[in-house]
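This is entry18.cif (mmCIF, C-alpha atoms and all ligand atoms).
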data_data
loop_
_atom_site.label_atom_id
_atom_site.label_comp_id
_atom_site.auth_asym_id
_atom_site.auth_seq_id
_atom_site.Cartn_x
_atom_site.Cartn_y
_atom_site.Cartn_z
CA MET A 277 0.00 0.00 0.00
CA LYS A 278 1.37 3.41 -0.90
CA PRO A 279 -0.60 6.21 0.74
CA SER A 280 0.03 9.78 -0.28
CA ALA A 281 -0.26 13.23 1.18
CA ARG A 282 -3.75 13.28 -0.32
CA PRO A 283 -6.87 12.89 1.85
CA GLU A 284 -7.68 9.70 -0.07
CA GLY A 285 -4.48 8.11 1.23
CA CYS A 286 -5.51 8.99 4.77
CA VAL A 287 -8.91 7.33 4.25
CA ILE A 288 -7.17 4.11 3.20
CA VAL A 289 -4.72 4.23 6.11
CA ASP A 290 -7.72 4.69 8.41
CA ALA A 291 -9.37 1.57 6.97
CA ILE A 292 -6.16 -0.44 7.37
CA GLY A 293 -5.56 0.85 10.87
CA ARG A 294 -9.10 0.31 12.10
CA GLY A 295 -9.26 -3.16 10.60
CA GLY A 296 -5.84 -4.13 11.98
CA LEU A 297 -5.05 -5.37 8.49
CA ALA A 298 -1.60 -6.84 7.88
CA ILE A 299 -0.83 -4.59 4.93
CA ASP A 300 2.63 -3.18 4.38
CA ILE A 301 2.38 0.61 4.06
CA PHE A 302 5.06 2.76 2.50
CA THR A 303 5.39 6.27 1.19
CA LEU A 304 7.75 7.83 -1.32
CA ASP A 305 10.02 10.12 0.65
CA THR A 306 11.48 12.30 -2.09
CA GLY A 307 13.42 14.44 0.37
CA LEU A 308 11.35 17.39 -0.86
CA LEU A 309 8.13 16.90 1.10
CA PHE A 310 6.42 19.74 2.95
CA PRO A 311 7.01 19.79 6.73
CA GLU A 312 3.22 19.45 7.06
CA THR A 313 3.36 16.20 5.09
CA ILE A 314 6.03 14.79 7.42
CA GLU A 315 3.88 15.86 10.35
CA LEU A 316 0.86 14.05 8.90
CA TRP A 317 2.95 10.93 8.31
CA GLU A 318 3.97 10.86 11.99
CA THR A 319 0.42 11.63 13.14
CA LEU A 320 -1.02 8.71 11.16
CA GLU A 321 1.58 6.35 12.61
CA ARG A 322 0.75 7.44 16.15
CA ARG A 323 -3.01 7.47 15.63
CA TYR A 324 -3.21 3.96 14.19
CA GLY A 325 -0.16 2.40 15.84
CA LEU A 326 1.39 1.39 12.54
CA THR A 327 4.54 2.04 10.59
CA ILE A 328 4.62 3.84 7.25
CA ARG A 329 7.95 2.92 5.70
CA ALA A 330 9.97 5.49 3.79
CA VAL A 331 10.97 4.50 0.27
CA LYS A 332 13.72 6.83 -0.89
CA PRO A 333 15.44 7.66 -4.17
CA ALA A 334 18.91 6.28 -4.83
CA GLN A 335 20.38 9.78 -4.56
CA ASN A 336 19.56 12.39 -1.94
CA VAL A 337 18.75 15.91 -3.12
CA ALA A 338 22.36 17.13 -2.84
CA GLU A 339 23.69 14.13 -4.76
CA GLN A 340 21.09 14.66 -7.48
CA ALA A 341 22.12 18.34 -7.72
CA ALA A 342 25.77 17.35 -8.04
CA ARG A 343 24.91 14.96 -10.86
CA TYR A 344 22.20 16.91 -12.75
CA GLY A 345 22.56 20.49 -11.53
CA ARG A 346 20.53 22.30 -8.91
CA ALA A 347 16.73 22.29 -8.90
CA LEU A 348 16.27 19.70 -11.64
CA TRP A 349 12.49 20.05 -11.08
CA GLU A 350 12.65 23.61 -12.50
CA ARG A 351 14.12 22.39 -15.79
CA LEU A 352 13.25 18.73 -16.29
CA PRO A 353 10.44 17.76 -13.91
CA ASP A 354 9.75 14.49 -15.72
CA ARG A 355 13.35 13.43 -15.18
CA CYS A 356 13.20 14.55 -11.56
CA CYS A 357 9.98 12.57 -10.97
CA GLU A 358 11.53 9.55 -12.64
CA LEU A 359 14.53 9.69 -10.30
CA ARG A 360 12.73 10.61 -7.10
CA LYS A 361 9.38 8.84 -7.47
CA VAL A 362 9.04 6.40 -10.35
CA GLU A 363 12.35 4.56 -10.01
CA PRO A 364 12.03 4.09 -6.22
CA LEU A 365 8.43 2.89 -6.67
CA ARG A 366 9.49 0.51 -9.44
CA ARG A 367 12.20 -0.92 -7.18
CA GLU A 368 9.73 -1.34 -4.32
CA LEU A 369 6.97 -2.88 -6.43
CA SER A 370 9.35 -5.33 -8.10
CA ARG A 371 9.20 -7.50 -4.98
CA LEU A 372 5.39 -7.38 -4.63
CA ASP A 373 2.44 -9.14 -6.30
CA ALA A 374 -0.06 -6.30 -5.83
CA TRP A 375 -0.32 -2.76 -4.56
CA ILE A 376 -3.09 -0.45 -3.43
CA SER A 377 -3.34 3.15 -4.55
CA SER A 378 -5.76 5.93 -3.60
CA ILE A 379 -6.46 7.35 -7.06
CA ARG A 380 -10.01 8.34 -8.07
CA ARG A 381 -11.45 8.58 -11.56
CA GLU A 382 -12.48 12.20 -11.31
CA GLN A 383 -9.00 13.44 -10.38
CA THR A 384 -7.55 13.65 -13.89
CA THR A 385 -8.54 12.67 -17.42
CA ASP A 386 -5.77 10.08 -17.32
CA ARG A 387 -7.37 8.43 -14.29
CA ALA A 388 -10.91 8.57 -15.71
CA SER A 389 -10.71 4.99 -16.97
CA ALA A 390 -9.08 3.52 -13.87
CA ARG A 391 -10.68 0.33 -12.51
CA THR A 392 -10.98 -1.08 -9.02
CA VAL A 393 -8.59 -3.89 -9.95
CA GLU A 394 -6.19 -3.52 -12.85
CA ARG A 395 -3.10 -5.05 -14.30
CA ASP A 396 -0.38 -2.45 -13.79
CA THR A 397 1.63 -3.20 -16.89
CA PRO A 398 4.34 -0.55 -16.42
CA PHE A 399 5.20 -1.94 -13.00
CA GLY A 400 4.29 -5.58 -13.69
CA LEU A 401 1.82 -6.39 -10.91
CA VAL A 402 -1.84 -6.05 -9.90
CA LYS A 403 -3.04 -2.63 -8.81
CA VAL A 404 -6.05 -2.17 -6.55
CA ASN A 405 -7.81 1.22 -6.47
CA PRO A 406 -10.50 0.92 -3.78
CA LEU A 407 -11.56 4.57 -4.03
CA VAL A 408 -11.74 4.73 -7.80
CA HIS A 409 -15.48 5.52 -7.86
CA TRP A 410 -15.46 7.86 -4.86
CA THR A 411 -16.21 11.53 -5.28
CA SER A 412 -14.23 14.21 -3.50
CA GLU A 413 -17.32 14.91 -1.37
CA ALA A 414 -17.49 11.27 -0.28
CA VAL A 415 -13.82 11.34 0.73
CA TRP A 416 -14.29 14.46 2.84
CA GLU A 417 -17.49 13.11 4.35
CA ARG A 418 -15.61 10.00 5.51
CA ILE A 419 -12.83 12.18 6.94
CA ARG A 420 -15.28 14.32 8.91
CA GLU A 421 -17.30 11.32 10.06
CA ARG A 422 -14.29 9.49 11.44
CA GLY A 423 -12.07 12.43 12.38
CA ILE A 424 -9.30 11.14 10.13
CA PRO A 425 -6.10 13.24 10.25
CA VAL A 426 -5.29 15.06 7.00
CA ASN A 427 -2.55 17.37 5.77
CA ALA A 428 -2.84 20.81 7.38
CA LEU A 429 -2.10 22.38 4.00
CA HIS A 430 -5.55 21.47 2.67
CA ALA A 431 -7.06 24.17 4.86
CA ARG A 432 -4.59 26.68 3.40
CA GLY A 433 -5.54 26.30 -0.25
CA TYR A 434 -3.63 23.16 -1.28
CA PRO A 435 -6.15 20.50 -2.37
CA SER A 436 -3.45 18.39 -4.06
CA ILE A 437 -0.04 18.09 -2.43
CA GLY A 438 3.19 16.75 -3.84
CA CYS A 439 6.78 17.87 -3.38
CA GLU A 440 7.19 21.37 -1.98
CA PRO A 441 8.97 22.91 -5.01
CA CYS A 442 6.26 21.71 -7.42
CA THR A 443 3.11 22.48 -5.43
CA THR A 444 1.38 25.87 -5.20
CA ARG A 445 -1.89 27.15 -3.80
CA VAL A 446 -5.02 26.78 -5.90
CA ALA A 447 -7.44 29.65 -6.39
CA ALA A 448 -11.21 29.29 -6.04
CA GLY A 449 -12.66 27.68 -9.15
CA GLU A 450 -9.38 26.17 -10.33
CA ASN A 451 -8.95 22.45 -10.91
CA PRO A 452 -7.81 20.90 -7.60
CA ARG A 453 -4.58 19.73 -9.27
CA ALA A 454 -3.87 23.09 -10.94
CA GLY A 455 -1.26 23.86 -8.30
CA ARG A 456 0.93 20.92 -9.29
CA TRP A 457 3.80 21.74 -11.71
CA ARG A 458 2.01 25.01 -12.42
CA THR A 459 4.50 26.30 -14.97
CA PHE A 460 4.56 23.05 -16.96
CA GLU A 461 2.04 21.04 -19.01
CA LYS A 462 2.84 18.10 -16.73
CA THR A 463 -0.11 16.69 -14.76
CA GLU A 464 1.19 13.36 -13.44
CA CYS A 465 4.39 12.21 -11.78
CA GLY A 466 4.31 8.92 -13.71
CA LEU A 467 3.21 6.65 -10.88
CA HIS A 468 -0.24 6.08 -12.34
CA ALA A 469 0.34 5.70 -16.05
CA ARG A 470 -2.65 4.02 -17.69
CA ILE A 471 -2.57 0.31 -17.56
CA ALA A 472 -4.26 -2.84 -18.80
CA VAL A 473 -7.42 -3.99 -17.04
CA VAL A 474 -7.92 -7.38 -15.38
CA PRO A 475 -11.65 -7.82 -14.62
CA LYS A 476 -14.58 -6.49 -16.59
CA GLU A 477 -16.35 -3.88 -14.54
CA THR A 478 -19.39 -1.69 -15.12
S1 LIG A 501 7.19 16.50 -7.82
FE1 LIG A 501 8.81 17.97 -8.40
S2 LIG A 501 10.45 17.80 -6.87
FE2 LIG A 501 9.07 16.03 -6.66
S3 LIG A 501 10.05 14.43 -7.83
FE3 LIG A 501 8.57 15.43 -9.23
S4 LIG A 501 9.67 17.10 -10.25
FE4 LIG A 501 10.94 16.37 -8.51
#
As structure tokens:
Amino acid sequence: MKPSARPEGCVIVDAIGRGGLAIDIFTLDTGLLFPETIELWETLERRYGLTIRAVKPAQNVAEQAARYGRALWERLPDRCCELRKVEPLRRELSRLDAWISSIRREQTTDRASARTVERDTPFGLVKVNPLVHWTSEAVWERIRERGIPVNALHARGYPSIGCEPCTTRVAAGENPRAGRWRTFEKTECGLHARIAVVPKET
């Protein structure tokens, strides 16, 4: 299971924690997370008495700067995401048979065809998306109902949160993901590239 800084990830951690499910939970620690995201990570661990493992890139931020120049995300964000997110996730998933993600169909056009259970061809395993049909309202209703901890940045105008250098506030009426890579066409980090489907689903 790979939760994220998103409220959806917190909903899934809540379900795992409440159910006492023996599911390995990890997060991609890019070394560029907001302090509020680290705080949420620690809060979730305390609240549910579980461990969220850190999966890190091969190079820390300073080593990446020495190799590719400073602030690679300002010039080549796809390359930066590949190094700091996709490659570490690929390495982690290579030893697993299935993983759970918190994506929802309405988040992006690329995710609009996501299924509850899919074959994740790029990473070579089964991918389970339990919240794929959930609306944003349903997610927030669950959070309020159960008092699930979420990232403090949501209340400050950040509906979608990634690495600090690539995440900005979103204005009223903007797409919730408009604050991600704002100066680029980029909309995805590459973790949820579209994939082949296993079961038929209506
Ligand atoms: S979100 Fe930005 S800083 Fe984070 S890995 Fe991608 S390009 Fe790099």
Practice item. With only C-alpha atoms and all ligand atoms counted, collect every polymer residue having an atom within 6 Å of ligand LIG 501 (chain A); state the result as number ranges by chain. Key: A: 349, 353, 356-357, 360-361, 438-439, 441-442, 465
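You can rank A:Ile424, A:Leu372, A:Val446, A:Leu365 by their closest distance to Gly293 of chain A using all atoms listed in the file, and at the top of that list sits A:Ile424.
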Exercise for review: Excluding segment 332-346 of chain A and any residue of its chain fewer than 2 positions from it, enumerate the residues within 12 Å of it, using all atoms listed in the file, and give them as a PyMOL selection string.
Suggested key: chain A and resi 302-309+329-330+348-353+355-368
Residue selection dump (C-alpha atoms) as a short mmCIF file (atom, residue, chain, number, x, y, z; two decimals), in the frame of the given file:
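Output below, filename part_30.cif:
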data_model
loop_
_atom_site.label_atom_id
_atom_site.label_comp_id
_atom_site.auth_asym_id
_atom_site.auth_seq_id
_atom_site.Cartn_x
_atom_site.Cartn_y
_atom_site.Cartn_z
CA PHE A 302 5.06 2.76 2.50
CA THR A 303 5.39 6.27 1.19
CA LEU A 304 7.75 7.83 -1.32
CA ASP A 305 10.02 10.12 0.65
CA THR A 306 11.48 12.30 -2.09
CA GLY A 307 13.42 14.44 0.37
CA LEU A 308 11.35 17.39 -0.86
CA LEU A 309 8.13 16.90 1.10
CA ARG A 329 7.95 2.92 5.70
CA ALA A 330 9.97 5.49 3.79
CA LEU A 348 16.27 19.70 -11.64
CA TRP A 349 12.49 20.05 -11.08
CA GLU A 350 12.65 23.61 -12.50
CA ARG A 351 14.12 22.39 -15.79
CA LEU A 352 13.25 18.73 -16.29
CA PRO A 353 10.44 17.76 -13.91
CA ARG A 355 13.35 13.43 -15.18
CA CYS A 356 13.20 14.55 -11.56
CA CYS A 357 9.98 12.57 -10.97
CA GLU A 358 11.53 9.55 -12.64
CA LEU A 359 14.53 9.69 -10.30
CA ARG A 360 12.73 10.61 -7.10
CA LYS A 361 9.38 8.84 -7.47
CA VAL A 362 9.04 6.40 -10.35
CA GLU A 363 12.35 4.56 -10.01
CA PRO A 364 12.03 4.09 -6.22
CA LEU A 365 8.43 2.89 -6.67
CA ARG A 366 9.49 0.51 -9.44
CA ARG A 367 12.20 -0.92 -7.18
CA GLU A 368 9.73 -1.34 -4.32
#
Practice item. Quick one: everything within 10 Å of segment 415-423 of chain A, counting all atoms listed in the file, minus sequence neighbours fewer than 5 positions away in the same chain. Send it as a PyMOL selection string. Key: chain A and resi 283-287+290+407+410
**Study point:** Residue nearest His430 of chain A - candidates A:Leu297, A:Ala388, A:Leu316, A:Leu369, atoms counted: only C-alpha atoms
**Key:**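 Of A:Leu297, A:Ala388, A:Leu316, A:Leu369, the one nearest His430 of chain A, counting only C-alpha atoms, is A:Leu316.
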Point to revise | One-decimal distance in Å that lies between atom CA of Trp457 of chain A and atom CA of Glu312 of chain A | key: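 Calculated distance between atom CA of Glu312 of chain A and atom CA of Trp457 of chain A is 18.9 Å.
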Practice item. Please provide the set of residues having any atom within 10 Å of Asn427 of chain A, restricted to all atoms listed in the file, with same-chain residues fewer than 4 positions apart removed, written as a count of residues only. Key: 19
Check your understanding: So, counting only C-alpha atoms, which residue among A:Ala414, A:Ala347, A:Ile376, A:Leu320 is closest to Ile299 of chain A?
Key -> A:Ile376
Revision key, fill the gap. From atom CA of Pro406 of chain A to atom CA of Leu326 of chain A the spacing works out at 20.2 Å
Check your understanding: For Thr392 of chain A, which residue out of A:Val289, A:Val331, A:Val404, A:Ile379 is the nearest one, using only C-alpha atoms?
Key ->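 For Thr392 of chain A, the nearest of the candidates is A:Val404.
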Review point. Any idea what the distance is between atom CA of Ser389 of chain A and atom CA of Asn451 of chain A?
Key: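 Straight-line distance from atom CA of Ser389 of chain A to atom CA of Asn451 of chain A works out to 18.6 Å.
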Check your understanding: For Ile288 of chain A, which residue among A:Glu382, A:Arg391, A:Pro425, A:Thr459 is the nearest when counting all atoms listed in the file?
Key ->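 The shortest atom-to-atom distance to Ile288 of chain A comes from A:Pro425.
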Output as lines of an AutoDock Vina configuration file the centre and edge lengths (Å, one decimal) of the box along x, y and z of the file that holds every listed atom of segment 316-331 of chain A after adding 8 Å on each side.
center_x = 3.9
center_y = 7.7
center_z = 8.2
size_x = 30.2
size_y = 28.7
size_z = 31.9
Study note, to complete from the structure: Of A:Asp386, A:Arg322, A:Gly295, A:Gly433, the one nearest to Gly449 of chain A when counting all atoms listed in the file is A:Gly433
Output as a PDB file, in the coordinates of the input: segment 318-349 of chain A, completed with N, CA and C atoms.
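In the end it all went to result_27.pdb:
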ATOM      1  N   GLU A 318       3.733  11.256  10.597  1.00  0.00           N
ATOM      2  CA  GLU A 318       3.970  10.860  11.990  1.00  0.00           C
ATOM      3  C   GLU A 318       2.650  10.754  12.766  1.00  0.00           C
ATOM      4  N   THR A 319       1.723  11.655  12.458  1.00  0.00           N
ATOM      5  CA  THR A 319       0.420  11.630  13.140  1.00  0.00           C
ATOM      6  C   THR A 319      -0.338  10.345  12.816  1.00  0.00           C
ATOM      7  N   LEU A 320      -0.323   9.946  11.556  1.00  0.00           N
ATOM      8  CA  LEU A 320      -1.020   8.710  11.160  1.00  0.00           C
ATOM      9  C   LEU A 320      -0.399   7.505  11.853  1.00  0.00           C
ATOM     10  N   GLU A 321       0.917   7.480  11.933  1.00  0.00           N
ATOM     11  CA  GLU A 321       1.580   6.350  12.610  1.00  0.00           C
ATOM     12  C   GLU A 321       1.158   6.264  14.071  1.00  0.00           C
ATOM     13  N   ARG A 322       1.146   7.427  14.725  1.00  0.00           N
ATOM     14  CA  ARG A 322       0.750   7.440  16.150  1.00  0.00           C
ATOM     15  C   ARG A 322      -0.710   7.072  16.315  1.00  0.00           C
ATOM     16  N   ARG A 323      -1.545   7.663  15.502  1.00  0.00           N
ATOM     17  CA  ARG A 323      -3.010   7.470  15.630  1.00  0.00           C
ATOM     18  C   ARG A 323      -3.404   6.006  15.462  1.00  0.00           C
ATOM     19  N   TYR A 324      -2.779   5.339  14.480  1.00  0.00           N
ATOM     20  CA  TYR A 324      -3.210   3.960  14.190  1.00  0.00           C
ATOM     21  C   TYR A 324      -2.216   2.903  14.692  1.00  0.00           C
ATOM     22  N   GLY A 325      -1.130   3.352  15.305  1.00  0.00           N
ATOM     23  CA  GLY A 325      -0.160   2.400  15.840  1.00  0.00           C
ATOM     24  C   GLY A 325       0.468   1.540  14.769  1.00  0.00           C
ATOM     25  N   LEU A 326       0.768   2.146  13.634  1.00  0.00           N
ATOM     26  CA  LEU A 326       1.390   1.390  12.540  1.00  0.00           C
ATOM     27  C   LEU A 326       2.628   2.123  12.025  1.00  0.00           C
ATOM     28  N   THR A 327       3.341   1.447  11.161  1.00  0.00           N
ATOM     29  CA  THR A 327       4.540   2.040  10.590  1.00  0.00           C
ATOM     30  C   THR A 327       4.322   2.305   9.105  1.00  0.00           C
ATOM     31  N   ILE A 328       4.648   3.504   8.674  1.00  0.00           N
ATOM     32  CA  ILE A 328       4.620   3.840   7.250  1.00  0.00           C
ATOM     33  C   ILE A 328       6.085   3.949   6.821  1.00  0.00           C
ATOM     34  N   ARG A 329       6.536   2.963   6.087  1.00  0.00           N
ATOM     35  CA  ARG A 329       7.950   2.920   5.700  1.00  0.00           C
ATOM     36  C   ARG A 329       8.281   3.992   4.678  1.00  0.00           C
ATOM     37  N   ALA A 330       9.499   4.507   4.774  1.00  0.00           N
ATOM     38  CA  ALA A 330       9.970   5.490   3.790  1.00  0.00           C
ATOM     39  C   ALA A 330      10.685   4.755   2.662  1.00  0.00           C
ATOM     40  N   VAL A 331      10.262   5.015   1.449  1.00  0.00           N
ATOM     41  CA  VAL A 331      10.970   4.500   0.270  1.00  0.00           C
ATOM     42  C   VAL A 331      11.645   5.711  -0.379  1.00  0.00           C
ATOM     43  N   LYS A 332      12.968   5.639  -0.469  1.00  0.00           N
ATOM     44  CA  LYS A 332      13.720   6.830  -0.890  1.00  0.00           C
ATOM     45  C   LYS A 332      14.403   6.635  -2.243  1.00  0.00           C
ATOM     46  N   PRO A 333      14.684   7.737  -2.911  1.00  0.00           N
ATOM     47  CA  PRO A 333      15.440   7.660  -4.170  1.00  0.00           C
ATOM     48  C   PRO A 333      16.872   7.190  -3.919  1.00  0.00           C
ATOM     49  N   ALA A 334      17.527   6.736  -4.974  1.00  0.00           N
ATOM     50  CA  ALA A 334      18.910   6.280  -4.830  1.00  0.00           C
ATOM     51  C   ALA A 334      19.828   7.425  -4.405  1.00  0.00           C
ATOM     52  N   GLN A 335      19.545   8.613  -4.899  1.00  0.00           N
ATOM     53  CA  GLN A 335      20.380   9.780  -4.560  1.00  0.00           C
ATOM     54  C   GLN A 335      19.588  10.736  -3.688  1.00  0.00           C
ATOM     55  N   ASN A 336      20.250  11.334  -2.678  1.00  0.00           N
ATOM     56  CA  ASN A 336      19.560  12.390  -1.940  1.00  0.00           C
ATOM     57  C   ASN A 336      19.550  13.660  -2.793  1.00  0.00           C
ATOM     58  N   VAL A 337      18.927  14.700  -2.303  1.00  0.00           N
ATOM     59  CA  VAL A 337      18.750  15.910  -3.120  1.00  0.00           C
ATOM     60  C   VAL A 337      20.105  16.527  -3.501  1.00  0.00           C
ATOM     61  N   ALA A 338      21.028  16.543  -2.562  1.00  0.00           N
ATOM     62  CA  ALA A 338      22.360  17.130  -2.840  1.00  0.00           C
ATOM     63  C   ALA A 338      23.102  16.309  -3.886  1.00  0.00           C
ATOM     64  N   GLU A 339      23.007  14.994  -3.780  1.00  0.00           N
ATOM     65  CA  GLU A 339      23.690  14.130  -4.760  1.00  0.00           C
ATOM     66  C   GLU A 339      23.060  14.299  -6.153  1.00  0.00           C
ATOM     67  N   GLN A 340      21.751  14.432  -6.184  1.00  0.00           N
ATOM     68  CA  GLN A 340      21.090  14.660  -7.480  1.00  0.00           C
ATOM     69  C   GLN A 340      21.549  15.999  -8.080  1.00  0.00           C
ATOM     70  N   ALA A 341      21.669  17.019  -7.230  1.00  0.00           N
ATOM     71  CA  ALA A 341      22.120  18.340  -7.720  1.00  0.00           C
ATOM     72  C   ALA A 341      23.542  18.260  -8.247  1.00  0.00           C
ATOM     73  N   ALA A 342      24.383  17.486  -7.586  1.00  0.00           N
ATOM     74  CA  ALA A 342      25.770  17.350  -8.040  1.00  0.00           C
ATOM     75  C   ALA A 342      25.826  16.648  -9.397  1.00  0.00           C
ATOM     76  N   ARG A 343      24.910  15.736  -9.616  1.00  0.00           N
ATOM     77  CA  ARG A 343      24.910  14.960 -10.860  1.00  0.00           C
ATOM     78  C   ARG A 343      24.191  15.683 -12.019  1.00  0.00           C
ATOM     79  N   TYR A 344      23.056  16.327 -11.696  1.00  0.00           N
ATOM     80  CA  TYR A 344      22.200  16.910 -12.750  1.00  0.00           C
ATOM     81  C   TYR A 344      22.086  18.435 -12.699  1.00  0.00           C
ATOM     82  N   GLY A 345      22.718  19.054 -11.709  1.00  0.00           N
ATOM     83  CA  GLY A 345      22.560  20.490 -11.530  1.00  0.00           C
ATOM     84  C   GLY A 345      21.456  20.788 -10.536  1.00  0.00           C
ATOM     85  N   ARG A 346      21.500  21.984  -9.961  1.00  0.00           N
ATOM     86  CA  ARG A 346      20.530  22.300  -8.910  1.00  0.00           C
ATOM     87  C   ARG A 346      19.103  22.409  -9.464  1.00  0.00           C
ATOM     88  N   ALA A 347      18.162  22.140  -8.598  1.00  0.00           N
ATOM     89  CA  ALA A 347      16.730  22.290  -8.900  1.00  0.00           C
ATOM     90  C   ALA A 347      16.355  21.671 -10.252  1.00  0.00           C
ATOM     91  N   LEU A 348      16.614  20.402 -10.398  1.00  0.00           N
ATOM     92  CA  LEU A 348      16.270  19.700 -11.640  1.00  0.00           C
ATOM     93  C   LEU A 348      14.773  19.851 -11.951  1.00  0.00           C
ATOM     94  N   TRP A 349      13.950  19.927 -10.907  1.00  0.00           N
ATOM     95  CA  TRP A 349      12.490  20.050 -11.080  1.00  0.00           C
ATOM     96  C   TRP A 349      12.099  21.334 -11.814  1.00  0.00           C
TER      97      TRP A 349
END
